[in-house]
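Notes for the one structure printed next.
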Amino acid sequence: MKIKTIAIIGGGTAGWLAANHLGRELAADPELSITVIESDEVPIIGVGEGTVPFIKQSLQKFGIGEAELMLSCETTFKTGIRFQGWLDAARHGADHHYLHAFASPFPGGLDVTPAWLEDSGGRPFDDVSVAARLSEAGRSPKQISSGPYVGEADYAYHVNAQQFAQLLSRNAQQRFGVRHQLATIVGAERAADGGIAALRTRSGERLAFDFYVDCSGFASLLTQGVLKVPFVDKSHQVLTDTALVQQVPFGPDEPIAPYTLATAHRAGWIWDIPVTQRRGTGFVYASAYMGEDEAVAAFARYLGRPEAGFVPRKIAMKIGYRQQMWSHNCVALGLAQGFVEPLEATSILLTDFSAQLLSRNFPRQQGDEPALRRHFNEATGQAWERIIDFVQLHYHLSDRSDSDFWLDNRQPGHLSEVLRERLAKWRVAPPQATDFGSRFELFSVENYLYVLYGMKFATRGFPIGEAERREARQQLAQVEARARRLVESLPSHREWLDGLRAAAAQARG
């Protein structure tokens with residue numbers, strides 16, 4: 001029997017990303033309908049405001065113009081993540097920082113890492129691309145004349161999460177005919193085969209569909225609540241478990257950084273994400289190493305505000321993922337699928353990846369699920385495992401010793417076998433693309449190079465020939481010259497954003 005009806009439980013970024021991916025992929029089938037069922041009683045978490053460049057592919061595929069994104073979601077550019085204070089201040093200086101850039105670390109296509117290891121000359125690793133210089137100078141990654149979705153350096157976005165979900169919602173409904181229904185789901189009926197037969201709403205309705213996508217957030221109404229899919233706990237690898245969240249308004253002329261700022265503290269880190277009207281900030285910490293009162297006080301100091309009367313929103317973070325993302329006729333996406341703290345903007349990335357994977361492997365007939373389900377679960381499981389490795393890597397590499405939190409993160413017993421073996425190899429020779437064999441690793445050699453050598457990881461390296469050394473020096477000199485030119489020619493980040501808004505207002509008349 002043909003699958004004709006799909007219900008997506010929950011809106012927000014996850015639900016509407018799923019709606020766009022499925023709507024576009026299945027648009028050729030006039031018999032198939034997609035309905036997003038959203039509750040007006042459940043607020044959007046709304047803190048996942050950072051993205052990675054992968055999102056640009058999806059937005060273009062959905063038919064969403066970049067100008068529309070920039071103007072409707074308080075959007076700013078993100079050229080990477082600036083990590084500050086992640087190493088010991090006494091050894092590396094109180095202002096030590098590095099950029100995990102989105103630009104390729106292979107200038108001219110050449111891996112200059114062996115030459116950099118041989119003789120960096122004090123040059124920070126992030127100078128292998130122009131991104132760090134542009135970021136430090138507060139420059140936009142795009143010229144005023146740059147076309148949509150392209151720039152002088154690769155980039156992603158910071159967005160207002162609620163407005164981003166609204167943009168995705170409008171696009172899915174208008175472009176792909178996705179239906180929208182307001183209802184609060186309180187449970188579901190099981191079918192004879194163990195799958196979901198129908199949903200039950202608070203008002204007593206029974207809503208039956210052929211296939212279900214669980215985007216109900218931390219509640220995981222179907223995957224956990226009905227199907228009882230076990231949770232794979234990863235809190236022994238990533239020790240942080242709590243976030244305090246506060247929005248801070250921007251002044252009208254205040255510079256807007258073109259990166260996410262991640263500042264380490266005694267028991268975790270602080271995110272600082274600029275959108276056009278405000279900064280979204282969050283204090284991530286491990287409650288086993290820092291009490292809530294101390295965390296609130298430290299967060300207030302960071303924001304430069306009195307501790308008295310400061311009551312940030314508190315979010316508990318349970319690190320891990322579902323043992324199966326696809327169970328019977330139901331797939332979990334977004335926070336219903338799992339959670340890892342937001343150090344590398346992984347939430348939207350994993351949702352976007354999983355929703356695209358589902359759309360390209362969607363069962364058209366009942367009975368097709370088993371052939372597709374195993375592949376989906378294997379792929380998403382691998383993606384989760386390696387993303388947890390990548391987040392953990394930042395903590396494990398730190399040489400901070402000012403608290404038990406940082407000392408405990410250095411213990412090798414916390415590491416997965418894969419990460420332990422990779423680090424052993426990388427102490428001898430730098431990472432290479434062939435170290436990342438799975439197509440489902442969402443962070444690869446380029447990302448690891450920036451983090452490893454931004455945090456001064458010690459690789460012995462090996463001798464290189466004079467021709468390779470000379471070519472590497474030439475490529476790095478060209479990067480340096482290009483960076484100087486772009487710093488002079490590119491507008492500031494705020495200037496570019498203000499210019500776009502002014503042009504849009506003039507076009508409206």
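The way I read the labels, and the way they are meant: chains A, B, ... in the order of the structure tokens, residue 1 as the first residue of every chain, and ligand 1 as the first ligand shown, with later ones counted on from there.
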
Contacts of region 375-446 of chain A with region 350-356 of chain A up to 9 Å, shortest pair per row, only C-alpha atoms, as JSON lines:
```
{"residue": "A:Phe376", "atom": "CA", "partner": "A:Ser354", "partner_atom": "CA", "distance": 8.3}
{"residue": "A:Ala379", "atom": "CA", "partner": "A:Ser354", "partner_atom": "CA", "distance": 8.8}
{"residue": "A:Thr380", "atom": "CA", "partner": "A:Ser354", "partner_atom": "CA", "distance": 6.7}
{"residue": "A:Ala383", "atom": "CA", "partner": "A:Leu350", "partner_atom": "CA", "distance": 7.8}
{"residue": "A:Trp384", "atom": "CA", "partner": "A:Leu350", "partner_atom": "CA", "distance": 7.9}
{"residue": "A:Ile387", "atom": "CA", "partner": "A:Leu350", "partner_atom": "CA", "distance": 9.0}
{"residue": "A:Leu442", "atom": "CA", "partner": "A:Leu350", "partner_atom": "CA", "distance": 8.2}
```

Create the file for the chosen residues now, containing N, CA and C atoms and written as a PDB file, in the first residue's frame.
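What ended up in part-v8.pdb:
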```
ATOM      1  N   PHE A 376      19.546   4.367   7.268  1.00  0.00           N
ATOM      2  CA  PHE A 376      19.350   5.662   7.921  1.00  0.00           C
ATOM      3  C   PHE A 376      19.882   5.631   9.346  1.00  0.00           C
ATOM      4  N   ALA A 379      23.717   5.526   9.347  1.00  0.00           N
ATOM      5  CA  ALA A 379      24.313   6.806   8.948  1.00  0.00           C
ATOM      6  C   ALA A 379      24.183   7.856  10.044  1.00  0.00           C
ATOM      7  N   THR A 380      22.999   7.998  10.610  1.00  0.00           N
ATOM      8  CA  THR A 380      22.807   9.010  11.646  1.00  0.00           C
ATOM      9  C   THR A 380      23.546   8.640  12.923  1.00  0.00           C
ATOM     10  N   ALA A 383      27.077   9.658  12.396  1.00  0.00           N
ATOM     11  CA  ALA A 383      27.188  11.116  12.454  1.00  0.00           C
ATOM     12  C   ALA A 383      27.202  11.596  13.904  1.00  0.00           C
ATOM     13  N   TRP A 384      26.325  11.046  14.728  1.00  0.00           N
ATOM     14  CA  TRP A 384      26.282  11.437  16.135  1.00  0.00           C
ATOM     15  C   TRP A 384      27.569  11.071  16.867  1.00  0.00           C
ATOM     16  N   ILE A 387      30.383  13.433  15.822  1.00  0.00           N
ATOM     17  CA  ILE A 387      30.170  14.807  16.274  1.00  0.00           C
ATOM     18  C   ILE A 387      30.463  14.924  17.763  1.00  0.00           C
ATOM     19  N   LEU A 442      30.339  14.654   9.697  1.00  0.00           N
ATOM     20  CA  LEU A 442      29.964  16.005   9.309  1.00  0.00           C
ATOM     21  C   LEU A 442      31.076  17.019   9.567  1.00  0.00           C
TER      22      LEU A 442
END
```

(message) Neighbouring residues of Ser39 (chain A) were defined as those with any atom within 9 Å, considering only C-alpha atoms; residues of the same chain fewer than 4 positions away were excluded. Please report them as a PyMOL selection string.
(response) chain A and resi 9-11+43+181-185

Can I get the selected residues back with C-alpha atoms, as a PDB file, in the first residue's frame?
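That gives us out.pdb:
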```
ATOM      1  CA  ILE A   9       4.994  16.512  15.003  1.00  0.00           C
ATOM      2  CA  GLY A  10       6.336  19.886  16.092  1.00  0.00           C
ATOM      3  CA  GLY A  11       7.341  23.015  14.233  1.00  0.00           C
ATOM      4  CA  PRO A  43       7.479  27.308  23.069  1.00  0.00           C
ATOM      5  CA  GLN A 181      -2.361  22.310  11.755  1.00  0.00           C
ATOM      6  CA  LEU A 182      -2.468  23.637  15.306  1.00  0.00           C
ATOM      7  CA  ALA A 183      -2.981  20.884  17.858  1.00  0.00           C
ATOM      8  CA  THR A 184      -1.331  19.638  21.020  1.00  0.00           C
ATOM      9  CA  ILE A 185      -0.362  15.974  20.756  1.00  0.00           C
TER      10      ILE A 185
END
```

(request) Per DSSP on the backbone, filter region 265-389 of chain A down to the residues in alpha helix (DSSP H) and report them as a ChimeraX atom specification. (result) /A:292-303,346-360,369-389

Preceding selection exported with N, CA and C atoms as a CSV table (one decimal), in the first residue's frame:
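The resulting again_13.csv:
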```csv
chain,number,residue,atom,x,y,z
A,292,GLU,N,24.8,26.3,40.6
A,292,GLU,CA,24.0,27.3,39.9
A,292,GLU,C,24.2,28.7,40.3
A,293,ASP,N,24.4,29.0,41.6
A,293,ASP,CA,24.6,30.3,42.1
A,293,ASP,C,25.9,30.9,41.6
A,294,GLU,N,26.9,30.1,41.6
A,294,GLU,CA,28.2,30.5,41.1
A,294,GLU,C,28.2,30.7,39.6
A,295,ALA,N,27.4,29.9,38.9
A,295,ALA,CA,27.3,30.1,37.4
A,295,ALA,C,26.6,31.4,37.1
A,296,VAL,N,25.5,31.7,37.8
A,296,VAL,CA,24.7,32.9,37.5
A,296,VAL,C,25.6,34.1,37.8
A,297,ALA,N,26.4,34.0,38.9
A,297,ALA,CA,27.2,35.2,39.2
A,297,ALA,C,28.3,35.4,38.2
A,298,ALA,N,28.9,34.3,37.7
A,298,ALA,CA,29.9,34.4,36.6
A,298,ALA,C,29.4,34.9,35.3
A,299,PHE,N,28.1,34.5,35.0
A,299,PHE,CA,27.5,34.9,33.8
A,299,PHE,C,27.2,36.4,33.9
A,300,ALA,N,26.7,36.8,35.0
A,300,ALA,CA,26.4,38.3,35.2
A,300,ALA,C,27.7,39.1,35.1
A,301,ARG,N,28.8,38.6,35.6
A,301,ARG,CA,30.1,39.4,35.4
A,301,ARG,C,30.4,39.4,34.0
A,302,TYR,N,30.3,38.4,33.2
A,302,TYR,CA,30.6,38.4,31.8
A,302,TYR,C,29.8,39.4,31.1
A,303,LEU,N,28.5,39.5,31.4
A,303,LEU,CA,27.6,40.5,30.7
A,303,LEU,C,27.8,41.9,31.3
A,346,THR,N,26.0,22.3,16.2
A,346,THR,CA,25.7,21.0,15.7
A,346,THR,C,24.2,20.7,15.6
A,347,SER,N,23.4,21.4,16.3
A,347,SER,CA,22.0,21.0,16.4
A,347,SER,C,21.3,21.2,15.0
A,348,ILE,N,21.4,22.4,14.4
A,348,ILE,CA,20.8,22.6,13.1
A,348,ILE,C,21.5,21.8,12.0
A,349,LEU,N,22.9,21.6,12.2
A,349,LEU,CA,23.6,20.8,11.2
A,349,LEU,C,23.1,19.3,11.2
A,350,LEU,N,23.0,18.7,12.4
A,350,LEU,CA,22.5,17.3,12.4
A,350,LEU,C,21.0,17.2,11.9
A,351,THR,N,20.2,18.2,12.3
A,351,THR,CA,18.8,18.2,11.8
A,351,THR,C,18.8,18.3,10.3
A,352,ASP,N,19.5,19.2,9.7
A,352,ASP,CA,19.5,19.4,8.3
A,352,ASP,C,20.0,18.2,7.6
A,353,PHE,N,21.1,17.6,8.1
A,353,PHE,CA,21.7,16.4,7.5
A,353,PHE,C,20.7,15.2,7.6
A,354,SER,N,20.1,15.0,8.7
A,354,SER,CA,19.1,13.9,8.9
A,354,SER,C,17.9,14.1,8.1
A,355,ALA,N,17.4,15.3,8.0
A,355,ALA,CA,16.1,15.5,7.2
A,355,ALA,C,16.4,15.3,5.7
A,356,GLN,N,17.6,15.8,5.3
A,356,GLN,CA,17.9,15.5,3.9
A,356,GLN,C,18.1,14.0,3.6
A,357,LEU,N,18.7,13.3,4.5
A,357,LEU,CA,18.9,11.9,4.3
A,357,LEU,C,17.6,11.2,4.3
A,358,LEU,N,16.7,11.6,5.2
A,358,LEU,CA,15.3,10.9,5.2
A,358,LEU,C,14.6,11.2,3.9
A,359,SER,N,14.7,12.5,3.4
A,359,SER,CA,13.9,12.8,2.2
A,359,SER,C,14.4,12.0,1.0
A,360,ARG,N,15.7,11.7,1.0
A,360,ARG,CA,16.3,11.0,-0.2
A,360,ARG,C,16.1,9.4,0.0
A,369,GLU,N,10.0,0.2,4.5
A,369,GLU,CA,10.8,0.8,5.6
A,369,GLU,C,12.0,0.0,6.0
A,370,PRO,N,11.9,-1.4,6.2
A,370,PRO,CA,13.0,-2.1,6.7
A,370,PRO,C,14.3,-2.0,5.8
A,371,ALA,N,14.1,-1.9,4.5
A,371,ALA,CA,15.2,-1.8,3.6
A,371,ALA,C,15.9,-0.4,3.7
A,372,LEU,N,15.2,0.6,4.1
A,372,LEU,CA,15.8,1.9,4.2
A,372,LEU,C,16.1,2.3,5.6
A,373,ARG,N,15.4,1.7,6.6
A,373,ARG,CA,15.6,2.1,8.0
A,373,ARG,C,17.0,1.8,8.5
A,374,ARG,N,17.5,0.6,8.1
A,374,ARG,CA,18.8,0.2,8.6
A,374,ARG,C,19.9,1.2,8.2
A,375,HIS,N,19.9,1.6,6.9
A,375,HIS,CA,20.9,2.5,6.4
A,375,HIS,C,20.8,3.9,7.1
A,376,PHE,N,19.5,4.4,7.3
A,376,PHE,CA,19.4,5.7,7.9
A,376,PHE,C,19.9,5.6,9.3
A,377,ASN,N,19.6,4.6,10.1
A,377,ASN,CA,20.0,4.5,11.5
A,377,ASN,C,21.5,4.4,11.6
A,378,GLU,N,22.1,3.6,10.7
A,378,GLU,CA,23.6,3.5,10.7
A,378,GLU,C,24.2,4.8,10.4
A,379,ALA,N,23.7,5.5,9.3
A,379,ALA,CA,24.3,6.8,8.9
A,379,ALA,C,24.2,7.9,10.0
A,380,THR,N,23.0,8.0,10.6
A,380,THR,CA,22.8,9.0,11.6
A,380,THR,C,23.5,8.6,12.9
A,381,GLY,N,23.6,7.4,13.2
A,381,GLY,CA,24.4,6.9,14.4
A,381,GLY,C,25.8,7.3,14.3
A,382,GLN,N,26.4,7.0,13.1
A,382,GLN,CA,27.8,7.4,12.9
A,382,GLN,C,28.0,8.9,13.0
A,383,ALA,N,27.1,9.7,12.4
A,383,ALA,CA,27.2,11.1,12.5
A,383,ALA,C,27.2,11.6,13.9
A,384,TRP,N,26.3,11.0,14.7
A,384,TRP,CA,26.3,11.4,16.1
A,384,TRP,C,27.6,11.1,16.9
A,385,GLU,N,28.1,9.9,16.7
A,385,GLU,CA,29.3,9.4,17.4
A,385,GLU,C,30.4,10.3,17.1
A,386,ARG,N,30.6,10.7,15.8
A,386,ARG,CA,31.8,11.5,15.4
A,386,ARG,C,31.6,12.9,15.8
A,387,ILE,N,30.4,13.4,15.8
A,387,ILE,CA,30.2,14.8,16.3
A,387,ILE,C,30.5,14.9,17.8
A,388,ILE,N,30.1,13.9,18.5
A,388,ILE,CA,30.4,13.9,20.0
A,388,ILE,C,31.9,13.9,20.2
A,389,ASP,N,32.6,13.1,19.3
A,389,ASP,CA,34.1,13.1,19.4
A,389,ASP,C,34.6,14.5,19.1
```

Got a sec: who's within 6 Å of Trp271 (chain A), counting only C-alpha atoms, leaving out chain neighbours fewer than 6 positions off, as a compact mmCIF listing (two decimals) with N, CA and C atoms, in the first residue's frame?
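result-v1.txt was written with the following content:
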```
# COMPACT_ATOMS: atom_id res chain seq x y z
N LEU A 261 31.54 33.90 19.21
CA LEU A 261 32.59 33.94 20.23
C LEU A 261 32.30 32.85 21.26
N ALA A 262 33.31 31.99 21.51
CA ALA A 262 33.20 30.92 22.51
C ALA A 262 34.31 31.13 23.53
N THR A 281 23.34 35.12 24.18
CA THR A 281 24.45 34.63 24.99
C THR A 281 24.01 33.44 25.83
N GLY A 282 24.95 32.57 26.12
CA GLY A 282 24.64 31.39 26.92
C GLY A 282 25.85 30.94 27.72
```

(request) Could you tell me which of A:Gln277, A:Asp88, A:Phe62, A:Met325 comes closest to Ser401 (chain A) if we count only C-alpha atoms? (result)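 Looking only at the distances to Ser401 (chain A), the closest residue turns out to be A:Asp88.
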
(request) Between A:Gly499, A:Gly454, A:Gly413, A:Pro306, single out the one closest to Asp127 (chain A), counting only C-alpha atoms. (result) A:Gly454

(request) Measuring atom to atom with only C-alpha atoms, identify which of A:Arg175, A:Arg170, A:His265, A:Arg279 is nearest to Gln246 (chain A). (result)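 Nearest to Gln246 (chain A): A:Arg279.
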
Once you count only C-alpha atoms, what closest atom pair and distance in Å to one decimal does each residue of region 37-71 of chain A within 12 Å of region 197-204 of chain A have, with rows by chain and rising residue number, as a tab-separated table?
```
residue	atom	partner	partner_atom	distance
A:Ile37	CA	A:Thr201	CA	10.2
A:Glu38	CA	A:Thr201	CA	11.1
A:Ser39	CA	A:Thr201	CA	9.9
A:Asp40	CA	A:Arg202	CA	11.8
A:Glu41	CA	A:Arg202	CA	10.7
```

Only N, CA and C atoms, please: the residues just picked out, written as a PDB file, in the first residue's frame.
```
ATOM      1  N   ILE A  37       2.148  19.460  12.409  1.00  0.00           N
ATOM      2  CA  ILE A  37       1.228  19.648  13.536  1.00  0.00           C
ATOM      3  C   ILE A  37       2.003  20.340  14.647  1.00  0.00           C
ATOM      4  N   GLU A  38       1.593  21.560  14.926  1.00  0.00           N
ATOM      5  CA  GLU A  38       2.349  22.414  15.843  1.00  0.00           C
ATOM      6  C   GLU A  38       1.457  22.819  17.001  1.00  0.00           C
ATOM      7  N   SER A  39       1.994  22.787  18.195  1.00  0.00           N
ATOM      8  CA  SER A  39       1.233  23.191  19.376  1.00  0.00           C
ATOM      9  C   SER A  39       1.502  24.642  19.702  1.00  0.00           C
ATOM     10  N   ASP A  40       0.429  25.382  20.006  1.00  0.00           N
ATOM     11  CA  ASP A  40       0.634  26.757  20.449  1.00  0.00           C
ATOM     12  C   ASP A  40       0.863  26.832  21.953  1.00  0.00           C
ATOM     13  N   GLU A  41       0.977  25.657  22.603  1.00  0.00           N
ATOM     14  CA  GLU A  41       1.242  25.601  24.041  1.00  0.00           C
ATOM     15  C   GLU A  41       2.708  25.314  24.353  1.00  0.00           C
TER      16      GLU A  41
END
```

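Here CA of Leu449 (chain A) stands at a distance of 18.6 Å from CA of Arg469 (chain A).
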
(message) For region 192-194 of chain A, find every residue with an atom within 12 Å (counting only C-alpha atoms), except residues of its own chain fewer than 5 positions away, and show them as a count of residues only.
(response) 10

Find the residues near Ser489 (chain A): any atom within 10 Å, counting only C-alpha atoms, skip ones fewer than 4 places away on the same chain, and give them as a PDB file with N, CA and C atoms, in the first residue's frame.
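Output contents, as saved in out04.pdb:
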```
ATOM      1  N   ARG A 139      35.396  42.456   9.159  1.00  0.00           N
ATOM      2  CA  ARG A 139      34.941  42.623   7.784  1.00  0.00           C
ATOM      3  C   ARG A 139      33.840  41.621   7.421  1.00  0.00           C
ATOM      4  N   GLN A 143      31.631  41.115  -0.709  1.00  0.00           N
ATOM      5  CA  GLN A 143      31.624  42.468  -1.248  1.00  0.00           C
ATOM      6  C   GLN A 143      30.172  42.934  -1.386  1.00  0.00           C
ATOM      7  N   ALA A 483      44.818  38.618   2.046  1.00  0.00           N
ATOM      8  CA  ALA A 483      44.158  39.059   3.273  1.00  0.00           C
ATOM      9  C   ALA A 483      44.304  40.569   3.454  1.00  0.00           C
ATOM     10  N   ARG A 484      45.512  41.096   3.190  1.00  0.00           N
ATOM     11  CA  ARG A 484      45.717  42.550   3.321  1.00  0.00           C
ATOM     12  C   ARG A 484      44.814  43.302   2.347  1.00  0.00           C
ATOM     13  N   ARG A 485      44.718  42.819   1.101  1.00  0.00           N
ATOM     14  CA  ARG A 485      43.880  43.498   0.111  1.00  0.00           C
ATOM     15  C   ARG A 485      42.412  43.480   0.528  1.00  0.00           C
TER      16      ARG A 485
END
```

(request) Name the closest residue to Ala27 (chain A) among the candidates A:Gly177, A:Gly291, A:Pro463, A:Leu423; distances are taken between atoms, counting only C-alpha atoms. (result)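 For Ala27 (chain A), the nearest of the given residues is A:Gly177.
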
Residues at most 9 Å from Arg364 (chain A), counting only C-alpha atoms, excluding those fewer than 3 positions away in the same chain, as a PDB file with N, CA and C atoms, in the first residue's frame?
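Generated output (part03.pdb):
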```pdb
ATOM      1  N   MET A   1       0.847  -1.196   0.000  1.00  0.00           N
ATOM      2  CA  MET A   1       0.000   0.000   0.000  1.00  0.00           C
ATOM      3  C   MET A   1       0.881   1.244   0.000  1.00  0.00           C
ATOM      4  N   LYS A   2       0.505   2.221  -0.772  1.00  0.00           N
ATOM      5  CA  LYS A   2       1.302   3.433  -0.919  1.00  0.00           C
ATOM      6  C   LYS A   2       1.218   4.312   0.320  1.00  0.00           C
ATOM      7  N   ILE A   3       2.352   4.908   0.698  1.00  0.00           N
ATOM      8  CA  ILE A   3       2.369   5.901   1.768  1.00  0.00           C
ATOM      9  C   ILE A   3       1.921   7.235   1.187  1.00  0.00           C
ATOM     10  N   LYS A   4       0.820   7.765   1.718  1.00  0.00           N
ATOM     11  CA  LYS A   4       0.232   8.980   1.152  1.00  0.00           C
ATOM     12  C   LYS A   4       0.217  10.159   2.114  1.00  0.00           C
ATOM     13  N   GLY A 367       6.020  -1.224   3.783  1.00  0.00           N
ATOM     14  CA  GLY A 367       6.827  -2.422   3.577  1.00  0.00           C
ATOM     15  C   GLY A 367       8.211  -2.096   3.059  1.00  0.00           C
ATOM     16  N   ASP A 368       8.406  -0.850   2.571  1.00  0.00           N
ATOM     17  CA  ASP A 368       9.733  -0.412   2.138  1.00  0.00           C
ATOM     18  C   ASP A 368      10.633  -0.040   3.317  1.00  0.00           C
ATOM     19  N   GLU A 369      10.020   0.230   4.467  1.00  0.00           N
ATOM     20  CA  GLU A 369      10.780   0.792   5.584  1.00  0.00           C
ATOM     21  C   GLU A 369      11.995  -0.038   5.994  1.00  0.00           C
TER      22      GLU A 369
END
```

(message) Under the rule that only C-alpha atoms are counted, which of A:Arg190, A:Arg123, A:Arg278, A:Arg266 is the nearest residue to Ser403 (chain A)?
(response)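 Of the candidates, the smallest distance to Ser403 (chain A) is held by A:Arg266.
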